[in-house]
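Student: Structure: start16.tsv, TSV, C-alpha atoms.
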chain	number	residue	atom	x	y	z
W	1	VAL	CA	161.01	129.42	129.35
W	2	LEU	CA	158.29	127.93	131.53
W	3	ALA	CA	156.08	130.99	130.97
W	4	SER	CA	156.41	130.56	127.20
W	5	GLU	CA	155.55	126.88	127.47
W	6	PHE	CA	152.46	127.68	129.54
W	7	GLU	CA	151.35	130.34	127.05
W	8	LEU	CA	151.76	127.92	124.13
W	9	GLN	CA	149.52	125.48	126.01
W	10	GLY	CA	146.88	128.20	126.36
W	11	PHE	CA	147.42	129.09	130.01
W	12	ASP	CA	146.61	132.61	131.13
W	13	VAL	CA	149.94	133.96	132.43
W	14	LEU	CA	149.25	137.14	134.37
W	15	GLU	CA	150.77	140.22	132.75
W	16	GLY	CA	153.95	141.39	134.51
W	17	SER	CA	154.15	138.41	136.88
W	18	VAL	CA	157.04	136.49	135.34
W	19	THR	CA	160.35	136.53	137.24
W	20	GLU	CA	163.30	134.14	137.44
W	21	THR	CA	161.67	132.29	140.33
W	22	HIS	CA	157.91	132.36	139.79
W	23	LEU	CA	154.97	133.33	137.63
W	24	ASP	CA	151.25	133.81	138.22
W	25	LEU	CA	148.56	131.83	136.39
W	26	ILE	CA	144.79	132.24	136.39
W	27	VAL	CA	143.30	128.76	136.39
W	28	SER	CA	140.11	126.89	137.16
W	29	PRO	CA	139.99	124.53	140.17
W	30	ARG	CA	140.16	121.56	137.82
W	31	THR	CA	143.28	122.93	136.10
W	32	LEU	CA	144.85	123.61	139.50
W	33	GLN	CA	144.45	119.93	140.36
W	34	SER	CA	146.00	118.97	137.00
W	35	LEU	CA	149.03	121.14	137.69
W	36	MET	CA	149.50	119.48	141.06
W	37	ALA	CA	149.17	116.04	139.46
W	38	ASP	CA	151.91	117.06	137.00
W	39	GLY	CA	154.30	117.69	139.87
W	40	PHE	CA	153.91	121.43	140.34
W	41	ASN	CA	153.37	122.88	143.81
W	42	PRO	CA	151.32	126.05	143.17
W	43	GLU	CA	150.50	128.55	145.87
W	44	VAL	CA	146.97	129.96	145.71
W	45	LEU	CA	147.31	133.74	146.02
W	46	ALA	CA	143.64	134.62	145.58
W	47	THR	CA	140.34	133.12	144.50
W	48	GLY	CA	137.66	134.79	142.45
W	49	ARG	CA	134.89	136.66	144.27
W	50	PRO	CA	132.11	139.08	143.30
W	51	PHE	CA	133.55	142.23	141.75
W	52	ARG	CA	130.75	144.18	143.47
W	53	ASP	CA	132.43	143.38	146.79
W	54	ILE	CA	135.82	144.50	145.48
W	55	GLN	CA	134.35	147.73	144.14
W	56	THR	CA	132.56	148.45	147.42
W	57	GLU	CA	135.88	148.16	149.25
W	58	ARG	CA	137.62	150.43	146.75
W	59	LEU	CA	134.97	153.12	146.94
W	60	ALA	CA	134.61	153.12	150.73
W	61	ASN	CA	137.22	155.84	151.23
W	62	LEU	CA	136.32	158.03	148.27
W	63	SER	CA	134.39	161.25	148.79
W	64	VAL	CA	132.77	160.85	145.37
W	65	PRO	CA	132.22	157.10	144.93
W	66	ILE	CA	132.18	156.53	141.17
W	67	GLY	CA	132.99	153.05	139.91
W	68	TYR	CA	132.54	150.56	137.12
W	69	PRO	CA	128.99	150.31	135.77
W	70	ASP	CA	127.29	146.93	135.87
W	71	LEU	CA	125.50	145.51	132.82
W	72	GLU	CA	122.18	147.22	133.52
W	73	GLN	CA	123.90	150.55	134.04
W	74	ILE	CA	125.79	150.21	130.75
W	75	LEU	CA	122.57	149.52	128.85
W	76	ASP	CA	120.98	152.50	130.60
W	77	GLN	CA	123.90	154.69	129.50
W	78	LEU	CA	123.52	153.56	125.90
W	79	SER	CA	119.80	154.23	126.01
W	80	GLU	CA	120.38	157.67	127.52
W	81	VAL	CA	122.87	158.63	124.82
W	82	ALA	CA	120.45	157.51	122.09
W	83	THR	CA	117.68	159.56	123.72
W	84	ASN	CA	119.81	162.69	124.17
W	85	PHE	CA	121.37	162.58	120.68
W	86	PRO	CA	118.62	161.13	118.47
W	87	ASP	CA	119.92	162.79	115.29
W	88	ILE	CA	123.21	160.89	115.37
W	89	CYS	CA	122.64	157.92	117.74
W	90	GLN	CA	120.49	154.80	117.61
W	91	LEU	CA	120.49	151.91	120.11
W	92	VAL	CA	120.04	148.61	118.24
W	93	ASP	CA	118.98	145.26	119.69
W	94	LEU	CA	121.16	143.07	117.48
W	95	THR	CA	119.65	139.78	118.68
W	96	GLU	CA	116.19	140.95	117.66
W	97	THR	CA	117.35	142.63	114.45
W	98	TYR	CA	119.08	139.53	113.09
W	99	GLY	CA	116.81	136.90	114.62
W	100	THR	CA	119.68	135.11	116.34
W	101	ASP	CA	119.40	133.18	119.59
W	102	PRO	CA	119.80	135.01	122.89
W	103	THR	CA	122.66	134.07	125.19
W	104	GLU	CA	122.60	131.08	127.54
W	105	GLU	CA	120.94	133.25	130.20
W	106	ARG	CA	118.48	134.70	127.65
W	107	ARG	CA	120.13	138.09	127.25
W	108	HIS	CA	120.25	140.14	124.05
W	109	LEU	CA	123.28	141.83	122.51
W	110	TYR	CA	123.21	145.59	121.86
W	111	ALA	CA	125.21	148.19	119.97
W	112	LEU	CA	125.03	151.94	119.51
W	113	LYS	CA	125.09	153.26	115.95
W	114	ILE	CA	126.54	156.74	115.42
W	115	SER	CA	126.12	158.52	112.08
W	116	ASP	CA	124.93	161.87	110.76
W	117	ASN	CA	121.79	160.29	109.24
W	118	VAL	CA	121.55	157.55	111.78
W	119	LEU	CA	118.17	156.14	110.74
W	120	LEU	CA	119.24	155.75	107.12
W	121	ASP	CA	121.46	153.16	105.45
W	122	GLU	CA	124.07	155.35	103.84
W	123	ASP	CA	126.74	154.35	101.39
W	124	GLU	CA	129.54	154.92	103.90
W	125	PRO	CA	132.32	152.75	105.38
W	126	ALA	CA	131.27	150.97	108.57
W	127	PHE	CA	133.49	150.95	111.68
W	128	LEU	CA	133.15	148.54	114.61
W	129	MET	CA	134.48	148.86	118.15
W	130	VAL	CA	133.64	145.88	120.35
W	131	SER	CA	134.79	145.05	123.87
W	132	ASN	CA	134.44	142.42	126.58
W	133	HIS	CA	134.58	139.19	124.61
W	134	HIS	CA	136.30	138.05	127.82
W	135	ALA	CA	134.15	138.71	130.87
W	136	ARG	CA	136.77	139.71	133.44
W	137	GLU	CA	138.30	142.38	131.18
W	138	ILE	CA	135.93	145.01	132.56
W	139	VAL	CA	138.27	147.89	131.78
W	140	THR	CA	137.36	147.55	128.09
W	141	PRO	CA	133.69	148.68	128.24
W	142	VAL	CA	134.93	151.86	129.94
W	143	LEU	CA	137.07	152.55	126.87
W	144	ALA	CA	134.13	151.87	124.55
W	145	LEU	CA	131.81	154.19	126.49
W	146	PHE	CA	134.50	156.89	126.52
W	147	THR	CA	134.76	156.62	122.74
W	148	ILE	CA	131.01	157.13	122.43
W	149	ASP	CA	131.20	160.25	124.60
W	150	GLN	CA	134.03	161.72	122.50
W	151	LEU	CA	132.03	161.27	119.32
W	152	VAL	CA	128.64	162.52	120.46
W	153	PHE	CA	129.66	165.39	122.74
W	154	ASN	CA	132.15	166.85	120.25
W	155	TYR	CA	130.00	166.43	117.15
W	156	GLY	CA	129.21	169.81	115.62
W	157	SER	CA	131.95	171.66	117.51
W	158	ASP	CA	135.11	169.71	116.66
W	159	PRO	CA	135.59	169.68	112.86
W	160	VAL	CA	137.59	166.42	112.89
W	161	ILE	CA	134.96	164.57	114.92
W	162	THR	CA	132.17	166.06	112.86
W	163	SER	CA	133.84	164.89	109.66
W	164	ILE	CA	134.39	161.39	111.10
W	165	VAL	CA	130.74	161.02	112.09
W	166	ASN	CA	129.50	162.48	108.80
W	167	SER	CA	131.58	160.15	106.65
W	168	ASN	CA	131.33	156.86	108.56
W	169	GLU	CA	128.75	154.50	109.99
W	170	ILE	CA	130.17	153.87	113.48
W	171	TRP	CA	129.05	151.01	115.70
W	172	VAL	CA	130.11	150.48	119.34
W	173	ALA	CA	129.25	147.34	121.33
W	174	PRO	CA	130.63	147.77	124.88
W	175	VAL	CA	129.73	144.30	126.23
W	176	TRP	CA	129.89	141.24	123.98
W	177	ASN	CA	129.73	138.76	126.87
W	178	PRO	CA	126.76	139.95	128.96
W	179	ASP	CA	126.31	136.66	130.86
W	180	GLY	CA	129.97	136.56	131.81
W	181	TYR	CA	130.08	140.28	132.64
W	182	SER	CA	127.18	139.86	135.07
W	183	TYR	CA	128.83	136.77	136.59
W	184	VAL	CA	132.01	138.78	137.18
W	185	PHE	CA	130.05	141.40	139.12
W	186	ASP	CA	127.91	138.99	141.10
W	187	THR	CA	130.05	135.86	141.63
W	188	ASP	CA	133.62	135.56	140.31
W	189	ASN	CA	135.69	138.54	139.22
W	190	MET	CA	138.17	136.26	137.40
W	191	TRP	CA	135.61	134.59	135.12
W	192	ARG	CA	136.67	134.63	131.43
W	193	LYS	CA	134.23	132.67	129.27
W	194	ASN	CA	130.50	132.87	128.58
W	195	ARG	CA	128.11	130.85	130.77
W	196	ARG	CA	126.93	128.03	128.51
W	197	VAL	CA	126.73	124.76	130.44
W	198	PHE	CA	128.38	121.56	129.19
W	199	PRO	CA	128.72	118.13	130.85
W	200	GLY	CA	132.46	118.69	131.37
W	201	GLY	CA	132.49	122.36	132.30
W	202	ILE	CA	130.93	125.79	131.94
W	203	GLY	CA	131.58	128.37	129.30
W	204	VAL	CA	133.18	128.88	125.88
W	205	ASP	CA	136.04	131.27	125.23
W	206	GLN	CA	134.20	133.54	122.83
W	207	ASN	CA	137.44	134.73	121.28
W	208	ARG	CA	138.35	131.20	120.18
W	209	ASN	CA	134.94	130.32	118.69
W	210	TYR	CA	135.10	132.04	115.29
W	211	PRO	CA	135.26	129.75	112.22
W	212	HIS	CA	138.31	131.31	110.57
W	213	GLY	CA	141.18	129.50	112.29
W	214	TRP	CA	139.04	127.29	114.53
W	215	ASP	CA	140.85	124.26	113.04
W	216	SER	CA	144.29	125.86	113.14
W	217	PRO	CA	146.99	124.13	115.22
W	218	CYS	CA	147.00	127.32	117.31
W	219	SER	CA	143.27	127.32	118.06
W	220	GLY	CA	141.76	126.82	121.50
W	221	SER	CA	141.05	123.70	123.54
W	222	LEU	CA	138.35	121.05	123.10
W	223	ASP	CA	138.14	120.52	126.88
W	224	PRO	CA	135.06	122.31	128.32
W	225	SER	CA	136.90	122.85	131.60
W	226	SER	CA	139.68	124.80	129.87
W	227	GLU	CA	139.91	128.58	130.07
W	228	ILE	CA	140.35	128.58	126.29
W	229	TYR	CA	137.63	126.06	125.38
W	230	LYS	CA	136.80	126.92	121.78
W	231	GLY	CA	133.37	125.33	121.80
W	232	PRO	CA	131.99	122.07	120.39
W	233	SER	CA	132.04	123.43	116.82
W	234	PRO	CA	132.92	126.61	114.92
W	235	ALA	CA	130.52	129.48	115.67
W	236	SER	CA	128.63	127.31	118.13
W	237	GLU	CA	127.79	130.26	120.40
W	238	ALA	CA	124.88	132.68	120.12
W	239	GLU	CA	127.27	135.60	120.64
W	240	THR	CA	129.46	134.47	117.73
W	241	GLN	CA	126.47	133.87	115.48
W	242	THR	CA	125.10	137.33	116.19
W	243	MET	CA	128.45	138.97	115.47
W	244	MET	CA	128.73	137.12	112.17
W	245	ALA	CA	125.17	137.95	111.08
W	246	TRP	CA	125.69	141.60	112.00
W	247	SER	CA	129.07	141.80	110.24
W	248	LEU	CA	127.84	140.12	107.07
W	249	ASP	CA	125.03	142.68	106.97
W	250	ARG	CA	127.06	145.83	107.73
W	251	GLN	CA	130.41	144.69	106.21
W	252	PHE	CA	132.70	146.57	108.58
W	253	ALA	CA	135.71	148.09	106.86
W	254	LYS	CA	137.64	148.67	110.10
W	255	VAL	CA	137.43	146.78	113.38
W	256	LEU	CA	138.95	147.44	116.80
W	257	ASP	CA	138.43	144.62	119.31
W	258	LEU	CA	139.35	145.77	122.85
W	259	HIS	CA	140.85	143.36	125.40
W	260	SER	CA	143.15	143.52	128.43
W	261	SER	CA	145.88	143.42	129.40
W	262	GLY	CA	149.29	144.26	127.89
W	263	ARG	CA	149.21	147.66	126.13
W	264	GLU	CA	149.98	146.30	122.67
W	265	VAL	CA	148.26	145.77	119.33
W	266	LEU	CA	147.83	142.26	117.91
W	267	HIS	CA	147.76	141.67	114.18
W	268	GLY	CA	147.44	138.80	111.68
W	269	TYR	CA	147.34	135.11	112.52
W	270	ALA	CA	149.17	132.89	115.03
W	271	CYS	CA	150.07	129.67	113.13
W	272	TRP	CA	148.77	130.65	109.72
W	273	ASN	CA	150.28	133.05	107.18
W	274	HIS	CA	148.57	136.07	105.66
W	275	PRO	CA	149.97	137.48	102.40
W	276	TYR	CA	149.72	141.03	103.76
W	277	ASP	CA	151.35	140.41	107.14
W	278	ASP	CA	153.87	143.22	106.56
W	279	TYR	CA	151.11	145.68	105.79
W	280	LEU	CA	149.08	144.63	108.84
W	281	GLU	CA	152.16	144.89	111.06
W	282	THR	CA	152.93	148.40	109.80
W	283	LYS	CA	149.38	149.53	110.55
W	284	ALA	CA	149.47	147.82	113.97
W	285	ILE	CA	152.61	149.76	114.90
W	286	ALA	CA	150.99	153.02	113.82
W	287	LEU	CA	147.85	152.21	115.81
W	288	SER	CA	149.94	151.36	118.87
W	289	ASN	CA	151.83	154.65	118.60
W	290	ALA	CA	148.60	156.63	118.20
W	291	SER	CA	147.20	154.90	121.30
W	292	GLY	CA	150.14	155.79	123.53
W	293	TYR	CA	151.62	152.27	123.50
W	294	GLY	CA	154.92	153.20	121.91
W	295	GLY	CA	154.56	150.96	118.88
W	296	ASP	CA	154.32	147.75	120.93
W	297	HIS	CA	152.71	145.00	118.86
W	298	ARG	CA	152.82	141.27	118.22
W	299	PRO	CA	151.05	138.40	116.47
W	300	PRO	CA	148.33	136.70	118.54
W	301	THR	CA	148.82	133.58	120.65
W	302	ALA	CA	145.84	131.80	119.07
W	303	ASP	CA	143.75	131.46	115.94
W	304	GLY	CA	139.97	131.44	115.74
W	305	GLU	CA	139.74	134.95	117.17
W	306	HIS	CA	137.10	137.51	116.27
W	307	TYR	CA	139.34	140.06	114.59
W	308	GLN	CA	140.96	137.33	112.48
W	309	TRP	CA	137.56	136.35	111.10
W	310	GLN	CA	136.97	140.00	110.19
W	311	ILE	CA	140.30	140.05	108.33
W	312	GLY	CA	139.96	136.67	106.63
W	313	LYS	CA	136.28	136.61	105.72
W	314	MET	CA	135.28	140.28	105.54
W	315	GLY	CA	138.45	141.89	104.18
W	316	ALA	CA	138.51	144.32	107.11
W	317	LEU	CA	141.41	146.25	108.59
W	318	ALA	CA	141.01	144.61	111.99
W	319	PHE	CA	143.08	144.51	115.16
W	320	LEU	CA	142.91	143.25	118.71
W	321	MET	CA	144.17	145.79	121.24
W	322	GLU	CA	145.36	144.63	124.66
W	323	THR	CA	144.72	147.62	126.92
W	324	GLN	CA	145.91	148.54	130.43
W	325	THR	CA	148.10	146.26	132.55
W	326	GLU	CA	145.29	144.77	134.64
W	327	PHE	CA	141.84	143.32	133.97
W	328	GLN	CA	140.27	145.49	136.68
W	329	PRO	CA	142.35	148.56	137.54
W	330	THR	CA	140.76	151.31	139.59
W	331	TYR	CA	138.01	153.15	137.76
W	332	ALA	CA	140.16	156.29	137.67
W	333	GLU	CA	142.93	154.30	135.98
W	334	ALA	CA	140.41	152.89	133.51
W	335	LEU	CA	139.29	156.41	132.57
W	336	ALA	CA	142.90	157.51	132.16
W	337	GLU	CA	143.50	154.55	129.86
W	338	ALA	CA	140.43	155.46	127.83
W	339	ALA	CA	141.72	159.01	127.34
W	340	MET	CA	145.11	157.65	126.26
W	341	VAL	CA	143.68	155.11	123.79
W	342	TRP	CA	141.04	157.37	122.23
W	343	PRO	CA	143.48	158.97	119.72
W	344	GLY	CA	144.20	155.47	118.40
W	345	ALA	CA	140.54	154.83	117.68
W	346	ARG	CA	140.33	158.23	116.01
W	347	TRP	CA	143.40	157.37	113.91
W	348	LEU	CA	141.83	154.11	112.74
W	349	LEU	CA	138.59	155.86	111.85
W	350	GLN	CA	140.53	158.25	109.63
W	351	GLN	CA	142.45	155.59	107.69
W	352	ARG	CA	141.64	155.60	104.00
W	353	ILE	CA	140.50	152.46	102.21
W	354	PRO	CA	143.13	151.73	99.51
W	355	LEU	CA	140.98	149.48	97.32
W	356	SER	CA	137.20	149.64	96.95
W	357	GLY	CA	134.49	149.49	94.35
W	358	TYR	CA	130.99	148.38	93.45
W	359	ILE	CA	129.50	145.30	91.86
W	360	THR	CA	126.16	145.96	90.20
W	361	ASN	CA	123.90	144.39	87.63
W	362	SER	CA	124.90	145.81	84.25
W	363	SER	CA	121.28	145.96	83.10
W	364	THR	CA	119.44	147.24	86.16
W	365	GLY	CA	122.17	148.88	88.18
W	366	GLU	CA	121.03	146.97	91.25
W	367	PRO	CA	123.70	145.90	93.75
W	368	VAL	CA	125.02	142.36	93.48
W	369	GLU	CA	126.17	140.23	96.40
W	370	ALA	CA	129.39	138.56	95.31
W	371	THR	CA	132.76	137.28	96.41
W	372	ILE	CA	135.80	138.99	94.93
W	373	SER	CA	138.94	136.97	94.36
W	374	LEU	CA	142.41	138.47	94.08
W	375	PRO	CA	144.44	136.23	91.79
W	376	PHE	CA	147.66	138.12	92.59
W	377	SER	CA	147.39	137.31	96.31
W	378	ALA	CA	148.68	134.09	97.82
W	379	PHE	CA	145.76	133.44	100.17
W	380	GLU	CA	146.13	130.01	101.77
W	381	HIS	CA	143.09	129.74	104.05
W	382	GLU	CA	140.01	130.51	101.94
W	383	GLU	CA	140.10	134.22	102.68
W	384	SER	CA	137.39	136.17	100.87
W	385	LEU	CA	136.31	139.69	99.99
W	386	PRO	CA	132.52	140.05	99.85
W	387	SER	CA	130.39	142.80	98.38
W	388	ASN	CA	127.34	143.87	100.35
W	389	THR	CA	123.71	143.59	99.31
W	390	ARG	CA	122.85	147.24	100.04
W	391	PHE	CA	125.10	148.98	97.52
W	392	GLY	CA	127.27	146.26	96.02
W	393	PHE	CA	130.22	147.90	97.78
W	394	TYR	CA	133.43	146.02	98.54
W	395	HIS	CA	136.71	147.00	100.20
W	396	ALA	CA	140.18	145.56	100.68
W	397	PHE	CA	143.31	146.54	102.58
For this file, write the structure as structure tokens.

Tutor:
Amino acid sequence: VLASEFELQGFDVLEGSVTETHLDLIVSPRTLQSLMADGFNPEVLATGRPFRDIQTERLANLSVPIGYPDLEQILDQLSEVATNFPDICQLVDLTETYGTDPTEERRHLYALKISDNVLLDEDEPAFLMVSNHHAREIVTPVLALFTIDQLVFNYGSDPVITSIVNSNEIWVAPVWNPDGYSYVFDTDNMWRKNRRVFPGGIGVDQNRNYPHGWDSPCSGSLDPSSEIYKGPSPASEAETQTMMAWSLDRQFAKVLDLHSSGREVLHGYACWNHPYDDYLETKAIALSNASGYGGDHRPPTADGEHYQWQIGKMGALAFLMETQTEFQPTYAEALAEAAMVWPGARWLLQQRIPLSGYITNSSTGEPVEATISLPFSAFEHEESLPSNTRFGFYHAF
């Protein structure tokens, strides 16, 4: 019961830690003091430290020391893939492309585009895989990089992969919180938020900052010291603004947002209702099964999350996947998880779009940017289905 109460208040209850006598929380020093003032007597089991130090200790006894890549190494890997597979891969500086602000520490956000005619804008469904909205969940970029490898190395030899790449515009963004990811490696392996500085604390929970659901009763906190601080206003963060600009431009039909931990697929809203909840739940179960998670699924614990904005404002088939059972398992365990989850990503890429069409000018045939309403759907929260400016294409699930 206490664990449920903590989760409802937005506390981070460590996966698998709840017993009849105790549970583990991940809290800031300020929150620790608040718990003590409320009459709790917590025992500090560990404090955050540079993940580089942890990784050095792990690799000390390995004959072939291979570990998690840091931010620079991930960007180098993306650049190398784009160089080695120029016909199907393009590395895109999203911050520069969309003219959005860099992060608090002046970093840019990047994604790899994979498509058979990668330099062209083709009339194809767009797919997005994004990971590491939360900095300490460093297992998730490993899964994203593994997905890239499966697509590029098997293109041309595996007919299923070849068909997927030929018929989709695939985008993979392994690190959506570069400031936080670097801070995890260099300073505090338990850091969750970005690194924007406020008078009352540091960092915004990037997965509580999206406008759709930001005002929901189940949204994040307004306290800058909180682990789930949702920011001073909807879409206040450069990372959120870049994601929204990018998504409005590419209009992703399917979205897979990777997190850890829990090995389950999250669908729909927390406090709000969606008229197609049953449909989303059915697809979430199928995605969980395809990913080796045995059909485990649930609604989210909060609103204002990235994938919910993709559902509510872009009409996407979007899910949040909690992967692994730890934020930072061994690198070998991370690779094993990536191999297990990859069939789920492939399954989502192959899902057909049940409703789609084009809106064009009847005189010129030029595409028209518009918002499609569905009068037979009981949308309650200003959900919308846009058409894009490139082809006038729209989709709905």

Student: Please identify all polymer residues lying at most 8 Å from the point (117.9, 142.0, 120.1) (file coordinates), using only C-alpha atoms, and present the result as an mmCIF file with C-alpha atoms, in the coordinates of the input.

Tutor:
data_model
loop_
_atom_site.group_PDB
_atom_site.id
_atom_site.type_symbol
_atom_site.label_atom_id
_atom_site.label_comp_id
_atom_site.auth_asym_id
_atom_site.auth_seq_id
_atom_site.Cartn_x
_atom_site.Cartn_y
_atom_site.Cartn_z
ATOM 1 C CA VAL W 92 120.040 148.610 118.240
ATOM 2 C CA ASP W 93 118.980 145.260 119.690
ATOM 3 C CA LEU W 94 121.160 143.070 117.480
ATOM 4 C CA THR W 95 119.650 139.780 118.680
ATOM 5 C CA GLU W 96 116.190 140.950 117.660
ATOM 6 C CA THR W 97 117.350 142.630 114.450
ATOM 7 C CA TYR W 98 119.080 139.530 113.090
ATOM 8 C CA GLY W 99 116.810 136.900 114.620
ATOM 9 C CA PRO W 102 119.800 135.010 122.890
ATOM 10 C CA HIS W 108 120.250 140.140 124.050
ATOM 11 C CA LEU W 109 123.280 141.830 122.510
ATOM 12 C CA TYR W 110 123.210 145.590 121.860
#

Student: Would you please work out which residue, of W:Pro232, W:Pro50, W:Pro224, W:Pro159, is nearest to Met190 of chain W when using all atoms listed in the file?

Tutor: W:Pro50

Student: Applying 8 Å and only C-alpha atoms, which residues near segment 215-219 of chain W remain after dropping the ones on its own chain fewer than 2 positions away? List them as an NGL selection string.

Tutor: :W and (208 or 211-213 or 221 or 230 or 270-272 or 301-304)

Student: With all atoms listed in the file as the counted atoms, please give the residues lying no more than 12 Å from Glu366 of chain W, apart from itself and same-chain residues fewer than 5 positions off, as a VMD selection string.

Tutor: chain W and resid 358 to 361 388 to 393

Student: Pick the closest to Val81 of chain W from W:Thr100, W:Ser362, W:Ser233, W:Gln150: which is it, counting all atoms listed in the file?

Tutor: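 For Val81 of chain W, the nearest of the given residues is W:Gln150.
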
Student: Select from segment 171-266 of chain W every residue with an atom at most 10 Å from any atom of segment 22-42 of chain W, then for each give the shortest pair of atoms and their distance in Å to one decimal, using all atoms listed in the file, rows by chain and rising number, as JSON lines.

Tutor:
{"residue": "W:Met190", "atom": "CA", "partner": "W:Ile26", "partner_atom": "CA", "distance": 7.8}
{"residue": "W:Trp191", "atom": "CA", "partner": "W:Ser28", "partner_atom": "CA", "distance": 9.1}
{"residue": "W:Arg192", "atom": "CA", "partner": "W:Ile26", "partner_atom": "CA", "distance": 9.8}
{"residue": "W:Gly201", "atom": "CA", "partner": "W:Arg30", "partner_atom": "CA", "distance": 9.5}
{"residue": "W:Ser225", "atom": "CA", "partner": "W:Arg30", "partner_atom": "CA", "distance": 7.1}
{"residue": "W:Ser226", "atom": "CA", "partner": "W:Thr31", "partner_atom": "CA", "distance": 7.4}
{"residue": "W:Glu227", "atom": "CA", "partner": "W:Val27", "partner_atom": "CA", "distance": 7.2}

Student: Find the residue from W:Ser387, W:Ser163, W:Thr140, W:Ser131 that sits nearest to Gln328 of chain W; use only C-alpha atoms when measuring.

Tutor: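 With only C-alpha atoms as the atom set, the closest residue is W:Thr140.
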
Student: Would you pick out the contacts of Phe252 of chain W at 12 Å or less, using all atoms listed in the file, so that residues sharing its chain but fewer than 3 positions from it are not included, and give the list as a ChimeraX atom specification?

Tutor: /W:124-130,168-172,243-249,255-256,307,309-311,313-318,349,353,385-388,393-396

Student: Okay, now the selection with C-alpha atoms, as a PDB file, keeping the file's coordinate frame?

Tutor:
ATOM      1  CA  GLU W 124     129.540 154.920 103.900  1.00  0.00           C
ATOM      2  CA  PRO W 125     132.320 152.750 105.380  1.00  0.00           C
ATOM      3  CA  ALA W 126     131.270 150.970 108.570  1.00  0.00           C
ATOM      4  CA  PHE W 127     133.490 150.950 111.680  1.00  0.00           C
ATOM      5  CA  LEU W 128     133.150 148.540 114.610  1.00  0.00           C
ATOM      6  CA  MET W 129     134.480 148.860 118.150  1.00  0.00           C
ATOM      7  CA  VAL W 130     133.640 145.880 120.350  1.00  0.00           C
ATOM      8  CA  ASN W 168     131.330 156.860 108.560  1.00  0.00           C
ATOM      9  CA  GLU W 169     128.750 154.500 109.990  1.00  0.00           C
ATOM     10  CA  ILE W 170     130.170 153.870 113.480  1.00  0.00           C
ATOM     11  CA  TRP W 171     129.050 151.010 115.700  1.00  0.00           C
ATOM     12  CA  VAL W 172     130.110 150.480 119.340  1.00  0.00           C
ATOM     13  CA  MET W 243     128.450 138.970 115.470  1.00  0.00           C
ATOM     14  CA  MET W 244     128.730 137.120 112.170  1.00  0.00           C
ATOM     15  CA  ALA W 245     125.170 137.950 111.080  1.00  0.00           C
ATOM     16  CA  TRP W 246     125.690 141.600 112.000  1.00  0.00           C
ATOM     17  CA  SER W 247     129.070 141.800 110.240  1.00  0.00           C
ATOM     18  CA  LEU W 248     127.840 140.120 107.070  1.00  0.00           C
ATOM     19  CA  ASP W 249     125.030 142.680 106.970  1.00  0.00           C
ATOM     20  CA  VAL W 255     137.430 146.780 113.380  1.00  0.00           C
ATOM     21  CA  LEU W 256     138.950 147.440 116.800  1.00  0.00           C
ATOM     22  CA  TYR W 307     139.340 140.060 114.590  1.00  0.00           C
ATOM     23  CA  TRP W 309     137.560 136.350 111.100  1.00  0.00           C
ATOM     24  CA  GLN W 310     136.970 140.000 110.190  1.00  0.00           C
ATOM     25  CA  ILE W 311     140.300 140.050 108.330  1.00  0.00           C
ATOM     26  CA  LYS W 313     136.280 136.610 105.720  1.00  0.00           C
ATOM     27  CA  MET W 314     135.280 140.280 105.540  1.00  0.00           C
ATOM     28  CA  GLY W 315     138.450 141.890 104.180  1.00  0.00           C
ATOM     29  CA  ALA W 316     138.510 144.320 107.110  1.00  0.00           C
ATOM     30  CA  LEU W 317     141.410 146.250 108.590  1.00  0.00           C
ATOM     31  CA  ALA W 318     141.010 144.610 111.990  1.00  0.00           C
ATOM     32  CA  LEU W 349     138.590 155.860 111.850  1.00  0.00           C
ATOM     33  CA  ILE W 353     140.500 152.460 102.210  1.00  0.00           C
ATOM     34  CA  LEU W 385     136.310 139.690  99.990  1.00  0.00           C
ATOM     35  CA  PRO W 386     132.520 140.050  99.850  1.00  0.00           C
ATOM     36  CA  SER W 387     130.390 142.800  98.380  1.00  0.00           C
ATOM     37  CA  ASN W 388     127.340 143.870 100.350  1.00  0.00           C
ATOM     38  CA  PHE W 393     130.220 147.900  97.780  1.00  0.00           C
ATOM     39  CA  TYR W 394     133.430 146.020  98.540  1.00  0.00           C
ATOM     40  CA  HIS W 395     136.710 147.000 100.200  1.00  0.00           C
ATOM     41  CA  ALA W 396     140.180 145.560 100.680  1.00  0.00           C
TER      42      ALA W 396
END

Student: Expressed in Å to a single decimal, how great is the separation between atom CA of Lys193 of chain W and atom CA of Ala173 of chain W?

Tutor: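 Atom CA of Ala173 of chain W lies at a distance of 17.4 Å from atom CA of Lys193 of chain W.
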
Student: From the list W:Asn209, W:Gln324, W:Ser236, W:Ser377, which residue is nearest Glu264 of chain W when using all atoms listed in the file?

Tutor: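 For Glu264 of chain W, the nearest of the given residues is W:Gln324.
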
Student: Can you tell me how far atom CA of Gly231 of chain W sits from atom CA of Arg107 of chain W, in Å to one decimal?

Tutor: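 Here the two named atoms are 19.2 Å from each other.
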